[in-house]
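Undergrad: I have a structure I would like to understand better, so I am pasting it below and will then ask my questions one at a time.
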Amino acid sequence: MSARKIIIDTDPGQDDAVAILLALASPEELDVLGVTCVAGNVPLALTAKNARIVCELAGKPETRVFAGCDAPLKRKLITAEHVHGKTGLDGPALPDPVMPLEEQHAVDFIIESLRNEPSGSVSLCPLGPLTNIATAFERAPDIAGRVQEIVLMGGAYFEVGNITPAAEFNIHVDPEAAEIVFRSGAPLTVMPLDVTHKALVTPERNAAFRALGTPVGRAVAEMTDFFERFDKEKYGSEGAPLHDPCVTAYLLRPELFTGRHINVEIETGSELTRGMTVADWWRVTDRAPNATFMGDIDADGFFSLLTERLARL
Ligand code: BDR
Ligand code: CA
């Protein structure tokens, strides 16, 4: 079987970095057409730089990296340096990238790829606010119907929120964009906090990354060391959640995840609950299902997949 074509839309972010590494470590299954960057965890200039740092760390400087939208559709950007550090990739000491940033805008690249590749052959993997994807869908209404699948990290139901009491960061930052994507009709698979909060980097799992003894293994261990400190304090858990790699792991081993095909709507009006993913988990409405909303993960299987693949880089 030929490798599945994907576009990773991202705001690295240490966990984004691990998600990208996992994809680049799996060329037999995943053909990364491009990495498109968006403002999120840190401003766009840094996410576009960090994405290239990660591609070079993976030994894949030929990967095409594009810069996209520098602010949400209708709101001021909210960033998360308190979690990810000033650079967005605090932790390991990694060199500045030498590989170029593509000149084309990320949104144009997304539109062009979906139009040029056969319909139903390209999947989108958003790991940050959905601004680039929503802008592409707004500008080119023909492309949503050509998407094979959108697999995204964002939202929460039982876990509710991490950036506000009601909302998860990626959706909260650009709820209008999320609304466009969730209503686009494209097949949608969602990795919410309900799943990612079960993907905890315990000391043993972190030690397994470090024990790879490679630059990638050490960098991943140091990245998780860094951003763990915030979540460990907040949740009192043994390790911090590794959110975004759940998306790439799903593409490789979907059987590690279980969820429900349900209706999910985005709150855009209320200041109090802005960006809440109102998931009809219990199917108490007659609203049509628009997303497969994951609820559980085989965490041991996830971490062994991750460690085994990172070892290949
Ligand atoms: C999401 O927000 C970001 O901080 C992480 O990179 C992840 O995509 C988790 O809420
Ligand atoms: Ca992210």
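We name chains A, B, ... following the order of the structure tokens; residues begin at 1 in each chain, and ligands are numbered from 1 as shown.
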List all protein, DNA and RNA residues that have an atom no more than 6 Å from any atom of ligand 2, counting only C-alpha atoms and all ligand atoms, and report them as a ChimeraX atom specification.
TA: /A:10-13,16,127-128,244
Undergrad: Those selected residues, please, written with N, CA and C atoms and delivered as an mmCIF file, in the first residue's frame.
TA:
```cif
data_model
loop_
_atom_site.group_PDB
_atom_site.id
_atom_site.type_symbol
_atom_site.label_atom_id
_atom_site.label_comp_id
_atom_site.auth_asym_id
_atom_site.auth_seq_id
_atom_site.Cartn_x
_atom_site.Cartn_y
_atom_site.Cartn_z
ATOM 1 N N THR A 10 0.514 23.086 12.270
ATOM 2 C CA THR A 10 1.085 22.969 13.618
ATOM 3 C C THR A 10 1.599 24.285 14.194
ATOM 4 N N ASP A 11 1.754 24.317 15.526
ATOM 5 C CA ASP A 11 2.274 25.501 16.230
ATOM 6 C C ASP A 11 3.340 25.074 17.242
ATOM 7 N N PRO A 12 4.431 24.455 16.783
ATOM 8 C CA PRO A 12 5.367 23.834 17.744
ATOM 9 C C PRO A 12 5.966 24.832 18.729
ATOM 10 N N GLY A 13 5.894 24.469 19.995
ATOM 11 C CA GLY A 13 5.320 23.400 20.780
ATOM 12 C C GLY A 13 6.105 22.095 20.836
ATOM 13 N N ASP A 16 3.903 19.181 19.704
ATOM 14 C CA ASP A 16 3.829 19.218 18.238
ATOM 15 C C ASP A 16 5.097 18.615 17.645
ATOM 16 N N LEU A 127 -2.638 20.461 14.583
ATOM 17 C CA LEU A 127 -2.145 20.280 15.953
ATOM 18 C C LEU A 127 -2.186 21.595 16.735
ATOM 19 N N GLY A 128 -2.784 22.620 16.141
ATOM 20 C CA GLY A 128 -2.844 23.928 16.794
ATOM 21 C C GLY A 128 -4.192 24.577 16.510
ATOM 22 N N ASP A 244 -0.272 16.168 21.112
ATOM 23 C CA ASP A 244 -0.334 16.146 19.646
ATOM 24 C C ASP A 244 0.116 14.834 18.988
#
```
Undergrad: Please return as a PyMOL selection string the residues found within 10 Å of ligand 1, counting only C-alpha atoms and all ligand atoms.
TA: chain A and resi 10-19+40-42+79-84+88+126-129+152-156+161-163+167-173+191-193+196-197+227+241-245+247
Undergrad: Near stretch 32-35 of chain A, counting only C-alpha atoms, which residues have an atom at most 8 Å away, once you skip same-chain residues fewer than 4 positions from it, shown as a PyMOL selection string?
TA: chain A and resi 5-10+23-24+27+51+63-66
Undergrad: List the spatial neighbours of stretch 277-293 of chain A as a PyMOL selection string - criterion: any atom at most 8 Å away, only C-alpha atoms, same-chain residues fewer than 2 positions off excluded.
TA: chain A and resi 155-157+167+171+182-183+185+187-192+259-267+275+295
Undergrad: Return the single residue from A:Ala39, A:Leu256, A:Ser2, A:Phe226 that is closest to A:Leu130, with distances computed using only C-alpha atoms.
TA: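 Checking each candidate against A:Leu130, we get A:Ala39 as the closest.
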Undergrad: What separation in Å, quoted to one decimal, exists between atom CA of A:Thr87 and atom CA of A:Thr47?
TA: 8.6 Å
Undergrad: Which polymer residues have any atom within 12 Å of an atom of stretch 95-106 of chain A, counting only C-alpha atoms, with same-chain residues fewer than 4 positions away left out, as a PyMOL selection string?
TA: chain A and resi 7-10+33-39+44-70+87+89+110-113+131-136+219
Undergrad: For the atom pair atom CA of A:Asp298 and atom CA of A:Phe230, what is the interatomic distance in Å to one decimal place?
TA: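 These atoms are spaced 24.1 Å apart.
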Undergrad: Can you check which residues of stretch 85-235 of chain A DSSP gives as strand (DSSP E) on the backbone and send them as a PyMOL selection string?
TA: chain A and resi 122-126+147-153+188-191+200-201
Undergrad: Could you work out how far atom CA of A:Val151 lies from atom CA of A:Ser123, giving the answer in Å with one decimal?
TA: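 Those two atoms sit 7.5 Å apart.
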Undergrad: Please determine, counting only C-alpha atoms, which residue among A:Ala211, A:Ile150, A:Pro92, A:Leu305 has the shortest atom-to-atom distance to A:Leu252.
TA: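 Answer, going by the shortest atom-to-atom distance: A:Leu305.
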Undergrad: Just list the residues in stretch 33-74 of chain A DSSP gives helix (DSSP H, G or I) on the backbone, as a PyMOL selection string.
TA: chain A and resi 44-57
Undergrad: Once you have the residues from the selection above, write them out as a compact mmCIF listing (two decimals), in the first residue's frame, restricted to C-alpha atoms.
TA:
```txt
# COMPACT_ATOMS: atom_id res chain seq x y z
CA LEU A 44 4.10 32.58 13.88
CA ALA A 45 7.76 33.55 13.40
CA LEU A 46 8.69 31.11 16.17
CA THR A 47 6.38 28.26 15.12
CA ALA A 48 7.78 28.49 11.56
CA LYS A 49 11.30 28.42 12.95
CA ASN A 50 10.58 25.58 15.39
CA ALA A 51 9.02 23.39 12.71
CA ARG A 52 12.25 23.64 10.72
CA ILE A 53 14.37 22.91 13.80
CA VAL A 54 12.34 19.72 14.24
CA CYS A 55 12.66 18.64 10.59
CA GLU A 56 16.42 19.10 10.81
CA LEU A 57 16.53 17.19 14.09
```
Undergrad: From the options A:Arg115, A:Asp225, A:Thr248, A:Phe137, which residue's atoms come nearest to A:Asp31, counting only C-alpha atoms?
TA: A:Thr248
